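Data block for work.txt (compact mmCIF, C-alpha atoms):
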# COMPACT_ATOMS: atom_id res chain seq x y z
CA MET A 198 -10.96 20.92 21.05
CA ASN A 199 -13.79 23.43 21.49
CA LEU A 200 -14.73 23.68 25.15
CA GLU A 201 -17.86 25.72 24.64
CA LEU A 202 -21.35 24.36 24.95
CA PHE A 203 -22.88 24.99 21.58
CA LEU A 204 -26.53 25.41 20.73
CA ALA A 205 -28.69 22.42 21.58
CA THR A 206 -29.33 21.32 18.01
CA LYS A 207 -27.75 18.40 16.24
CA THR A 208 -24.40 19.01 14.60
CA GLY A 209 -24.41 19.73 10.90
CA THR A 210 -21.19 17.75 10.33
CA PRO A 211 -21.81 15.12 7.63
CA ILE A 212 -22.02 11.49 8.83
CA ILE A 213 -21.16 12.41 12.44
CA GLY A 214 -24.42 14.34 12.76
CA GLN A 215 -26.48 11.41 11.49
CA ILE A 216 -24.68 8.90 13.70
CA ALA A 217 -25.06 11.20 16.72
CA SER A 218 -28.80 11.45 16.06
CA VAL A 219 -29.14 7.66 16.11
CA MET A 220 -27.07 7.49 19.31
CA GLY A 221 -29.30 10.17 20.82
CA TRP A 222 -32.34 7.96 20.21
CA ILE A 223 -30.53 5.08 21.91
CA MET A 224 -29.59 7.26 24.89
CA ASP A 225 -33.16 8.53 25.15
CA GLY A 226 -34.41 4.93 24.97
CA ILE A 227 -32.09 3.92 27.83
CA TYR A 228 -33.36 6.83 29.93
CA LYS A 229 -37.01 5.95 29.28
CA MET A 230 -36.38 2.25 30.00
CA LEU A 231 -34.73 2.97 33.37
CA ASP A 232 -37.51 5.40 34.23
CA GLY A 233 -40.34 3.12 33.11
CA LEU A 234 -39.06 -0.18 34.55
CA PHE A 235 -37.24 0.95 37.69
CA GLY A 236 -38.32 4.55 38.26
CA ILE A 237 -34.68 5.66 37.92
CA GLN A 238 -34.02 9.07 36.38
CA ASN A 239 -30.24 9.36 36.35
CA ILE A 240 -28.16 10.69 33.47
CA GLY A 241 -24.88 9.39 34.93
CA LEU A 242 -26.18 5.80 34.94
CA CYS A 243 -27.50 6.30 31.40
CA ILE A 244 -24.02 7.41 30.29
CA ILE A 245 -22.43 4.23 31.71
CA ILE A 246 -25.00 1.89 30.13
CA PHE A 247 -24.84 3.85 26.88
CA SER A 248 -21.01 3.56 26.75
CA ILE A 249 -21.13 -0.19 27.41
CA LEU A 250 -23.76 -0.70 24.71
CA ILE A 251 -22.02 1.34 22.00
CA PHE A 252 -18.60 -0.21 22.59
CA ALA A 253 -20.16 -3.67 22.66
CA PHE A 254 -21.57 -3.00 19.18
CA MET A 255 -18.05 -2.01 18.08
CA THR A 256 -16.47 -5.29 19.28
CA PRO A 257 -16.25 -6.88 15.78
CA LEU A 258 -14.37 -3.83 14.53
CA GLN A 259 -12.05 -4.00 17.54
CA ILE A 260 -11.31 -7.68 16.88
CA LYS A 261 -10.42 -6.99 13.24
CA GLN A 262 -8.20 -4.08 14.23
CA GLN A 263 -6.42 -6.10 16.91
CA LYS A 264 -5.81 -9.00 14.53
CA PHE A 265 -4.08 -6.55 12.25
CA SER A 266 -2.17 -5.06 15.21
CA LYS A 267 -1.00 -8.53 16.29
CA LEU A 268 0.30 -9.35 12.81
CA SER A 269 1.72 -5.83 12.48
CA ALA A 270 3.72 -6.31 15.69
CA ILE A 271 5.20 -9.47 14.17
CA MET A 272 5.82 -7.92 10.75
CA GLN A 273 7.45 -4.78 12.12
CA PRO A 274 10.92 -6.30 12.72
CA GLU A 275 10.98 -7.60 9.14
CA ILE A 276 9.86 -4.26 7.76
CA GLN A 277 12.49 -2.47 9.85
CA LYS A 278 15.16 -4.79 8.42
CA ILE A 279 14.05 -3.89 4.89
CA GLN A 280 14.15 -0.18 5.76
CA LYS A 281 17.61 -0.58 7.25
CA LYS A 282 18.74 -2.51 4.16
CA TYR A 283 17.81 0.37 1.87
CA GLN A 284 18.61 3.18 4.30
CA GLY A 285 20.21 6.13 2.51
CA LYS A 286 19.39 4.75 -0.95
CA LYS A 287 17.16 7.25 -2.72
CA ASP A 288 17.48 6.06 -6.33
CA GLN A 289 14.33 4.88 -8.06
CA ASP A 290 15.47 1.28 -8.46
CA SER A 291 16.24 0.90 -4.72
CA MET A 292 12.95 2.53 -3.74
CA MET A 293 11.02 0.16 -6.02
CA LYS A 294 12.81 -2.86 -4.59
CA MET A 295 12.15 -1.68 -1.03
CA ASN A 296 8.46 -1.26 -1.83
CA GLU A 297 8.32 -4.71 -3.45
CA GLU A 298 9.96 -6.39 -0.46
CA THR A 299 7.71 -4.50 1.97
CA GLN A 300 4.61 -5.51 -0.01
CA ALA A 301 5.88 -9.10 0.01
CA VAL A 302 5.94 -9.07 3.84
CA TYR A 303 2.32 -7.90 3.94
CA GLN A 304 1.41 -10.49 1.30
CA LYS A 305 3.13 -13.24 3.27
CA TYR A 306 0.91 -12.54 6.27
CA GLY A 307 -2.21 -12.03 4.18
CA VAL A 308 -2.89 -8.44 5.25
CA SER A 309 -3.24 -5.10 3.51
CA PRO A 310 -1.04 -2.11 4.45
CA THR A 311 -4.27 -0.12 4.83
CA GLY A 312 -6.00 -2.77 6.98
CA SER A 313 -5.82 -0.73 10.19
CA CYS A 314 -6.81 2.51 8.44
CA VAL A 315 -10.08 0.99 7.23
CA GLN A 316 -11.10 -0.04 10.75
CA LEU A 317 -10.15 3.36 12.16
CA ALA A 318 -12.03 5.13 9.37
CA ILE A 319 -15.16 3.28 10.45
CA GLN A 320 -14.63 3.77 14.18
CA MET A 321 -13.63 7.45 14.25
CA PRO A 322 -17.02 8.92 13.18
CA ILE A 323 -18.70 6.67 15.77
CA LEU A 324 -16.37 7.87 18.52
CA PHE A 325 -16.76 11.54 17.55
CA ALA A 326 -20.53 11.14 17.48
CA LEU A 327 -20.45 9.37 20.84
CA TYR A 328 -18.50 12.26 22.38
CA GLN A 329 -20.93 14.73 20.80
CA VAL A 330 -23.93 13.06 22.44
CA ILE A 331 -22.31 12.86 25.89
CA TYR A 332 -21.10 16.47 25.74
CA ARG A 333 -24.46 17.86 24.57
CA ILE A 334 -27.05 15.70 26.34
CA PRO A 335 -30.10 18.00 25.86
CA ALA A 336 -29.44 18.23 22.11
CA TYR A 337 -29.99 14.52 21.62
CA VAL A 338 -31.96 13.23 24.61
CA GLY A 339 -35.49 14.58 24.27
CA SER A 340 -36.51 13.40 27.74
CA VAL A 341 -33.89 15.72 29.25
CA LYS A 342 -34.54 18.69 26.99
CA SER A 343 -38.28 18.66 27.72
CA ILE A 344 -37.63 19.40 31.41
CA PHE A 345 -36.38 22.90 30.53
CA THR A 346 -39.21 23.87 28.16
CA GLY A 347 -41.37 25.66 30.73
CA VAL A 348 -38.55 27.77 32.17
CA VAL A 349 -37.20 28.62 28.69
CA ASP A 350 -40.62 29.89 27.59
CA LYS A 351 -40.80 32.13 30.67
CA LEU A 352 -37.24 33.42 30.25
CA VAL A 353 -37.66 34.49 26.61
CA ALA A 354 -40.81 36.41 27.58
CA VAL A 355 -38.78 38.70 29.88
CA ASN A 356 -37.77 42.01 28.30
CA GLY A 357 -33.99 42.12 27.71
CA TYR A 358 -33.54 38.46 28.72
CA THR A 359 -30.44 38.04 26.51
CA ASP A 360 -28.45 40.76 28.28
CA ILE A 361 -29.61 39.48 31.69
CA LEU A 362 -28.46 35.94 30.97
CA GLN A 363 -25.20 37.13 29.41
CA GLN A 364 -24.42 39.15 32.53
CA PHE A 365 -25.24 36.12 34.69
CA ILE A 366 -22.79 34.02 32.65
CA THR A 367 -20.08 36.67 33.06
CA ASP A 368 -20.65 37.14 36.80
CA ASN A 369 -20.46 33.39 37.41
CA SER A 370 -17.43 32.83 35.14
CA MET A 371 -19.29 30.24 33.07
CA THR A 372 -16.58 30.11 30.41
CA ARG A 373 -17.91 26.89 28.85
CA VAL A 374 -21.27 28.46 27.98
CA ARG A 375 -21.99 30.67 25.02
CA LEU A 376 -25.36 32.11 24.09
CA VAL A 377 -26.09 31.82 20.38
CA MET A 378 -28.02 34.71 18.85
CA ASP A 379 -30.74 34.65 16.23
CA SER A 380 -31.10 37.19 13.41
CA ALA A 381 -32.79 39.64 15.82
CA GLY A 382 -29.86 39.52 18.25
CA ASN A 383 -31.71 37.47 20.89
CA ALA A 384 -30.43 34.27 22.49
CA THR A 385 -31.98 31.18 20.88
CA SER A 386 -34.11 28.81 22.91
CA ASN A 387 -31.70 25.94 22.28
CA SER A 388 -28.71 27.86 23.62
CA ILE A 389 -30.75 28.76 26.73
CA VAL A 390 -31.34 25.03 27.25
CA ASP A 391 -27.56 24.53 27.14
CA PHE A 392 -27.15 27.38 29.62
CA LEU A 393 -29.66 25.87 32.06
CA TYR A 394 -28.18 22.36 31.74
CA ALA A 395 -24.75 23.73 32.67
CA LEU A 396 -25.96 25.40 35.88
CA SER A 397 -24.79 24.05 39.22
CA PRO A 398 -27.30 23.72 42.11
CA GLU A 399 -25.95 26.95 43.63
CA GLN A 400 -26.29 28.82 40.35
CA TRP A 401 -29.91 27.63 40.03
CA LYS A 402 -30.59 29.23 43.41
CA GLU A 403 -29.00 32.50 42.28
CA LEU A 404 -31.09 32.47 39.12
CA ALA A 405 -34.32 31.96 41.12
CA LYS A 406 -33.45 34.93 43.39
CA MET A 407 -33.06 37.42 40.53
CA ASP A 408 -35.69 40.18 40.56
CA GLN A 409 -36.25 39.98 36.81
CA PHE A 410 -37.41 36.36 37.17
CA SER A 411 -39.36 36.69 40.42
CA GLY A 412 -42.66 36.02 38.67
CA PHE A 413 -41.73 32.41 37.98
CA SER A 414 -39.08 31.71 40.65
CA ASP A 415 -41.10 28.71 41.87
CA MET A 416 -40.88 27.14 38.40
CA ILE A 417 -37.13 27.74 38.33
CA THR A 418 -36.78 26.09 41.74
CA SER A 419 -38.91 23.04 40.83
CA THR A 420 -37.00 22.58 37.54
CA SER A 421 -33.76 22.88 39.47
CA HIS A 422 -34.81 20.07 41.83
CA GLU A 423 -35.89 17.86 38.93
CA ILE A 424 -32.71 18.27 36.90
CA SER A 425 -30.48 17.99 40.00
CA LYS A 426 -32.06 14.62 40.76
CA MET A 427 -31.27 13.50 37.22
CA GLN A 428 -27.72 14.88 37.34
CA GLY A 429 -26.81 13.42 40.72
CA PHE A 430 -24.13 10.70 40.73
CA CYS A 431 -22.36 9.43 43.85
CA GLY A 432 -23.18 12.72 45.59
CA LEU A 433 -21.80 14.84 42.73
CA ASN A 434 -23.69 16.84 40.15
CA ILE A 435 -22.53 15.73 36.68
CA ALA A 436 -22.83 19.33 35.40
CA ASP A 437 -20.26 20.50 37.99
CA GLN A 438 -16.51 20.26 37.63
CA PRO A 439 -14.45 18.05 40.00
CA LEU A 440 -12.32 21.13 40.71
CA TYR A 441 -15.39 22.89 42.13
CA TYR A 442 -15.81 20.28 44.91
CA ILE A 443 -12.09 20.25 45.67
CA MET A 444 -11.95 24.06 45.94
CA GLU A 445 -15.13 24.07 48.06
CA PHE A 446 -13.39 21.80 50.55
CA LEU A 447 -10.14 23.77 50.57
CA LYS A 448 -11.65 27.28 50.73
CA ASN A 449 -15.07 26.91 52.30
CA HIS A 450 -14.63 23.77 54.43
CA GLY A 451 -16.95 21.78 52.18
CA SER A 452 -17.47 18.03 52.27
CA LEU A 453 -14.25 16.02 52.39
CA LEU A 454 -16.05 12.94 51.04
CA LEU A 455 -17.32 14.82 47.98
CA ALA A 456 -13.83 16.27 47.41
CA ILE A 457 -12.36 12.74 47.48
CA ILE A 458 -15.02 11.39 45.09
CA ALA A 459 -14.42 14.37 42.79
CA LEU A 460 -10.66 13.75 42.89
CA LEU A 461 -11.26 10.12 41.90
CA ILE A 462 -12.76 11.24 38.56
CA PRO A 463 -9.46 12.48 37.01
CA VAL A 464 -7.43 9.81 38.82
CA LEU A 465 -9.61 7.00 37.46
CA ALA A 466 -9.62 8.62 34.00
CA TRP A 467 -5.81 8.44 34.02
CA ALA A 468 -5.62 4.92 35.49
CA THR A 469 -8.19 3.33 33.18
CA GLN A 470 -6.60 4.82 30.07
CA MET A 471 -3.16 3.65 31.19
CA LEU A 472 -4.61 0.16 31.66
CA ASN A 473 -6.13 0.30 28.19
CA LEU A 474 -2.79 1.28 26.65
CA LYS A 475 -0.97 -1.49 28.53
CA LEU A 476 -3.38 -4.07 27.09
CA MET A 477 -2.94 -2.86 23.52
CA PRO A 478 -0.64 -5.03 21.36
CA GLN A 479 2.78 -3.44 21.09
CA ALA A 480 5.23 -3.87 18.26
CA ALA A 481 8.30 -5.90 19.12
CA THR A 482 11.19 -3.64 20.08
CA GLN A 483 14.17 -3.99 17.77
CA PRO A 484 17.65 -2.49 17.82
CA THR A 485 17.58 0.79 15.95
CA ASP A 486 21.27 0.97 15.06
CA GLY A 487 21.64 3.81 12.61
CA ASN A 488 17.88 4.04 12.11
CA ASP A 489 17.16 7.49 13.48
CA GLN A 490 13.65 7.55 12.04
CA ALA A 491 12.62 4.29 13.76
CA SER A 492 14.19 5.45 17.01
CA ALA A 493 12.38 8.81 16.83
CA MET A 494 9.05 7.10 16.10
CA ALA A 495 9.48 4.70 19.02
CA SER A 496 10.36 7.57 21.36
CA SER A 497 7.42 9.64 20.10
CA MET A 498 4.98 6.76 20.63
CA LYS A 499 6.26 6.14 24.16
CA THR A 500 5.89 9.84 25.00
CA MET A 501 2.37 9.95 23.57
CA ASN A 502 1.32 6.91 25.61
CA MET A 503 2.45 8.71 28.76
CA VAL A 504 1.10 12.16 27.92
CA MET A 505 -2.40 11.28 26.64
CA PRO A 506 -3.67 9.75 29.93
CA LEU A 507 -2.17 12.67 31.86
CA MET A 508 -3.97 15.11 29.57
CA SER A 509 -7.23 13.25 30.20
CA ALA A 510 -6.71 13.57 33.93
CA PHE A 511 -5.94 17.30 33.58
CA PHE A 512 -9.04 17.97 31.46
CA CYS A 513 -11.22 16.01 33.88
CA PHE A 514 -10.53 18.56 36.61
CA THR A 515 -12.21 21.34 34.61
CA PHE A 516 -14.66 19.35 32.44
CA PRO A 517 -18.10 18.42 33.77
CA VAL A 518 -18.23 15.27 35.91
CA GLY A 519 -20.52 13.67 33.30
CA LEU A 520 -17.76 13.77 30.68
CA GLY A 521 -15.32 12.23 33.17
CA ILE A 522 -17.81 9.42 33.84
CA TYR A 523 -17.98 8.74 30.10
CA TRP A 524 -14.17 8.66 29.76
CA ILE A 525 -13.83 6.24 32.68
CA ALA A 526 -16.71 4.00 31.57
CA SER A 527 -15.49 3.84 27.98
CA ALA A 528 -11.88 3.10 29.05
CA VAL A 529 -13.07 0.29 31.36
CA VAL A 530 -15.19 -1.23 28.57
CA ARG A 531 -12.32 -0.98 26.07
CA SER A 532 -9.93 -2.58 28.59
CA ALA A 533 -12.34 -5.47 29.19
CA GLN A 534 -12.73 -5.82 25.42
CA GLN A 535 -8.98 -5.74 24.93
CA PHE A 536 -8.36 -8.34 27.64
CA ALA A 537 -10.89 -10.72 26.06
CA ILE A 538 -9.54 -10.11 22.54
CA ASN A 539 -5.95 -10.64 23.70
CA ARG A 540 -6.87 -13.97 25.26
CA HIS A 541 -8.65 -14.99 22.07
CA LEU A 542 -5.74 -13.97 19.84
CA ASP A 543 -3.12 -15.53 22.14
CA LYS A 544 -4.81 -18.89 21.62
CA MET A 545 -4.63 -18.48 17.84
CA ASN A 546 -1.63 -19.86 16.00
CA ILE A 547 -0.09 -17.25 13.73
CA ASP A 548 -0.20 -19.62 10.76
CA ASP A 549 -3.91 -20.17 11.43
CA LEU A 550 -4.45 -16.41 11.53
CA VAL A 551 -2.53 -15.95 8.27
CA ASN A 552 -4.40 -18.83 6.61
CA GLU A 553 -7.68 -17.28 7.75
CA ASN A 554 -6.65 -14.04 6.04
CA MET A 555 -5.66 -15.95 2.90
CA LYS A 556 -9.03 -17.70 2.76
CA LYS A 557 -10.83 -14.36 3.00
CA ILE A 558 -8.67 -12.93 0.20
CA GLU A 559 -9.30 -15.94 -2.05
CA ALA A 560 -13.03 -15.90 -1.26
CA LYS A 561 -13.15 -12.24 -2.23
CA ARG A 562 -11.21 -12.92 -5.44
CA ALA A 563 -13.50 -15.84 -6.31
CA LYS A 564 -16.54 -13.63 -5.75
CA GLU A 565 -15.04 -11.11 -8.15
CA GLY A 566 -14.37 -13.87 -10.70
CA LEU A 567 -10.58 -13.80 -10.24
CA PRO A 568 -8.28 -16.85 -10.01
CA PRO A 569 -6.45 -17.70 -6.75
CA GLN A 570 -3.64 -15.28 -5.96
CA LYS A 571 -0.08 -16.38 -6.66
CA ILE A 572 2.31 -15.57 -3.84
CA THR A 573 5.58 -13.97 -4.91
CA ASN A 574 8.91 -15.68 -4.31
CA GLN A 575 9.75 -13.05 -1.75
CA ALA A 576 6.53 -13.85 0.12
CA HIS A 577 7.46 -17.55 0.14
CA GLN A 578 10.31 -16.75 2.52
CA SER A 579 9.04 -17.58 5.97
CA ALA A 580 9.16 -15.39 9.04
CA LYS A 581 10.88 -16.63 12.18
CA ASN A 582 8.89 -18.84 14.48
CA ILE A 583 7.46 -16.04 16.64
CA ASN A 584 6.26 -18.29 19.44
CA LYS A 585 9.68 -19.87 20.15
CA PRO A 586 13.25 -18.60 20.01
CA VAL A 587 15.21 -19.60 16.91
CA ILE A 588 17.70 -22.38 17.79
CA ASP A 589 19.33 -22.99 14.43
CA LYS A 590 19.31 -21.62 10.90
CA GLY A 591 17.68 -24.67 9.35
CA ASN A 592 14.49 -24.79 7.38
CA SER A 593 12.19 -25.47 10.35
CA GLY A 594 10.94 -21.88 10.23
CA ASN A 595 9.87 -22.26 6.60
CA ASN A 596 7.06 -24.75 7.22
CA GLY A 597 4.33 -22.11 7.66
CA ALA A 598 5.11 -20.30 4.41
CA SER A 599 5.68 -23.58 2.49
CA ASP A 600 2.31 -24.89 3.68
CA ARG A 601 0.62 -21.72 2.59
CA ALA A 602 2.32 -21.84 -0.82
CA ARG A 603 1.32 -25.51 -1.18
CA LYS A 604 -2.28 -24.71 -0.29
CA VAL A 605 -2.39 -21.97 -2.94
CA ASP A 606 -1.01 -24.40 -5.55
CA GLU A 607 -3.61 -26.98 -4.51
CA ALA A 608 -6.28 -24.30 -4.89
CA TYR A 609 -5.10 -23.74 -8.47
CA ALA A 610 -5.27 -27.45 -9.18
CA LYS A 611 -8.76 -27.82 -7.69
CA SER A 612 -10.00 -24.82 -9.61
CA ARG A 613 -9.38 -26.75 -12.86
CA ASN A 614 -12.15 -29.17 -11.87
CA ALA A 615 -14.67 -26.47 -11.03
CA LYS A 616 -18.34 -27.09 -11.78
CA ALA A 617 -19.42 -25.76 -15.17
CA GLY A 618 -21.13 -22.39 -14.91
CA SER A 619 -19.62 -21.59 -11.51
CA ILE A 620 -17.71 -18.38 -10.78
CA THR A 621 -14.46 -20.34 -10.51
CA ALA A 622 -15.07 -21.99 -13.90
CA LYS A 623 -15.62 -18.57 -15.45
CA ALA A 624 -12.43 -17.35 -13.78
CA ASN A 625 -10.58 -20.31 -15.36
CA LEU A 626 -11.77 -19.23 -18.81
CA VAL A 627 -10.47 -15.72 -18.20
CA ARG A 628 -7.13 -17.10 -16.97
CA ASP A 629 -6.76 -19.48 -19.95
CA PHE A 630 -7.55 -16.63 -22.32
CA ASP A 631 -4.85 -14.47 -20.72
CA GLU A 632 -2.29 -17.26 -20.85
CA ARG A 633 -2.99 -17.90 -24.55
CA ASN A 634 -2.50 -14.20 -25.28
CA LYS A 635 0.80 -14.20 -23.40
CA LYS A 636 2.06 -17.16 -25.47
CA LYS A 637 1.16 -15.31 -28.64
As a first step, turn the structure in this file into structure tokens.
Amino acid sequence: MNLELFLATKTGTPIIGQIASVMGWIMDGIYKMLDGLFGIQNIGLCIIIFSILIFAFMTPLQIKQQKFSKLSAIMQPEIQKIQKKYQGKKDQDSMMKMNEETQAVYQKYGVSPTGSCVQLAIQMPILFALYQVIYRIPAYVGSVKSIFTGVVDKLVAVNGYTDILQQFITDNSMTRVRLVMDSAGNATSNSIVDFLYALSPEQWKELAKMDQFSGFSDMITSTSHEISKMQGFCGLNIADQPLYYIMEFLKNHGSLLLAIIALLIPVLAWATQMLNLKLMPQAATQPTDGNDQASAMASSMKTMNMVMPLMSAFFCFTFPVGLGIYWIASAVVRSAQQFAINRHLDKMNIDDLVNENMKKIEAKRAKEGLPPQKITNQAHQSAKNINKPVIDKGNSGNNGASDRARKVDEAYAKSRNAKAGSITAKANLVRDFDERNKKK
């Protein structure tokens, strides 16, 4: 992860750049709405509303992903049994049979092995773009960038301004800031905007006191007051790091209240992400006798679930408060989403969920002019009743799969009476043609 503040222009990364631009318009719209309706100019509040809005738009994708995760958690024991069955067998025939049986499990539940990947492929560019906007506010929120225009114009008019600003960055240990040079070796206006946005209230004061900028020190001071008002959140400045307030209290007898609020940023970032992970559907734990790969994967996943929230907390100490606010807000929204989705899915019968998947598959096949899909014999074998413990080894657990097989057969029968000219009728012609060719 690059911790530098790059130039305040939109990223050139394909797709992510375009999505980030749209999100920037939304963020700017939220800022203008709060300012116009309520007279509130606060970037921290904009970040919270922005996070809620974006993740609310992503709810349908989350539901689809969690449906797959719920079925995946149920399928996993069966898939592990297949893997154990063929463990150590590397011949081509065994590998083909293992793949066939694994595909049959997915087919039985009406899902695709790539189902989760598709949802993640859609969500990941959105999440990267969302992070990009939060991390580089002036690049995407025109209402914020415009505040710095006057000071930037004055700064670039000063002889040797690039070296002056670079020395200021070095003296103040502003490791997150990097001035980007143009072809003439001068700092670009956009990178100066990033530099100004990253300044703390104390650093603004130091900048205004510099002799080189004495001619427009009043403008620097007024801009400082305006941006500080926008960056204020619960007494903190969102451009500052939580560690700054904690060290101010420990070394310089600063405000204890601000130190506590600053400490809450990483603590809440850890807690909310732990809550989010707890609410995520987990695969059923199975004995891993002799299955070193499954055991290693389970151990790796458990370690990752513990380490990732701790890493978030660690980063939040040295990242700007604004980024911590985004992490907390997004984790809270995702947790609320997950809680609601879990309640919704818990009320759904697994057979109903599988039948819903089957209907979507058949609807898609019908749209493509294909006949209803025949389920393989392997897929006819039912899973255990996942809602109740198995009491005997009778056929009671086979009802779900038998019903689904019966419904597919009924669909074949009904398709024979399809209305002339319909897609299904055309599919019947194709099927009859294929069957006649097979007989020949």
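Closest approach to A:Ile244 from the set A:Leu474, A:Val330, A:Ala405, A:Met292 is made by A:Val330, with distances taken over all atoms listed in the file.
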Atom pair atom CA of A:Val529 / atom CA of A:Met471: separation (Å): 10.5 Å
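Of note, atom CA of A:Met220 and atom CA of A:Leu507 are spaced 28.4 Å apart.
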Coordinates-based distance that separates atom CA of A:Leu327 from atom CA of A:Met224 (Å, one decimal): 10.2 Å
Name all residues at most 12 Å from A:Leu461 (count all atoms listed in the file; drop same-chain ones fewer than 4 positions away) and give them as a list of chain:residue names. A:Cys431, A:Leu433, A:Pro439, A:Leu440, A:Tyr442, A:Ile443, A:Leu454, A:Leu455, A:Ala456, A:Ile457, A:Leu465, A:Ala466, A:Trp467, A:Ala468, A:Thr469, A:Ala510, A:Cys513, A:Phe514, A:Val518, A:Gly521, A:Ile522, A:Ile525
Step by step: start from the point (-28.6, 28.4, 20.4) in the file's coordinates, keep every protein, DNA or RNA residue that has an atom no farther than 6 Å from it, count only C-alpha atoms, and write the set as a short mmCIF file (atom, residue, chain, number, x, y, z; two decimals) with C-alpha atoms, keeping the file's coordinate frame.
data_model
loop_
_atom_site.label_atom_id
_atom_site.label_comp_id
_atom_site.auth_asym_id
_atom_site.auth_seq_id
_atom_site.Cartn_x
_atom_site.Cartn_y
_atom_site.Cartn_z
CA LEU A 204 -26.53 25.41 20.73
CA VAL A 377 -26.09 31.82 20.38
CA THR A 385 -31.98 31.18 20.88
CA ASN A 387 -31.70 25.94 22.28
CA SER A 388 -28.71 27.86 23.62
#
Excluding A:Phe516 and residues on its chain fewer than 3 positions from it, collect all residues at most 10 Å away from it, counting all atoms listed in the file, and give them as a PDB file with C-alpha atoms, keeping the file's coordinate frame.
ATOM      1  CA  LEU A 200     -14.730  23.680  25.150  1.00  0.00           C
ATOM      2  CA  TYR A 332     -21.100  16.470  25.740  1.00  0.00           C
ATOM      3  CA  ARG A 373     -17.910  26.890  28.850  1.00  0.00           C
ATOM      4  CA  ILE A 435     -22.530  15.730  36.680  1.00  0.00           C
ATOM      5  CA  ALA A 436     -22.830  19.330  35.400  1.00  0.00           C
ATOM      6  CA  ASP A 437     -20.260  20.500  37.990  1.00  0.00           C
ATOM      7  CA  GLN A 438     -16.510  20.260  37.630  1.00  0.00           C
ATOM      8  CA  PRO A 439     -14.450  18.050  40.000  1.00  0.00           C
ATOM      9  CA  LEU A 440     -12.320  21.130  40.710  1.00  0.00           C
ATOM     10  CA  PRO A 463      -9.460  12.480  37.010  1.00  0.00           C
ATOM     11  CA  SER A 509      -7.230  13.250  30.200  1.00  0.00           C
ATOM     12  CA  ALA A 510      -6.710  13.570  33.930  1.00  0.00           C
ATOM     13  CA  PHE A 511      -5.940  17.300  33.580  1.00  0.00           C
ATOM     14  CA  PHE A 512      -9.040  17.970  31.460  1.00  0.00           C
ATOM     15  CA  CYS A 513     -11.220  16.010  33.880  1.00  0.00           C
ATOM     16  CA  GLY A 519     -20.520  13.670  33.300  1.00  0.00           C
ATOM     17  CA  LEU A 520     -17.760  13.770  30.680  1.00  0.00           C
ATOM     18  CA  GLY A 521     -15.320  12.230  33.170  1.00  0.00           C
TER      19      GLY A 521
END
Mind listing whatever residues come within 12 Å of the point (-27.0, 36.8, 30.1)? Use all atoms listed in the file, file coordinates, and give them as a PyMOL selection string. chain A and resi 352-353+355+357-371+374-378+383-385+388-389+392-393+404+409
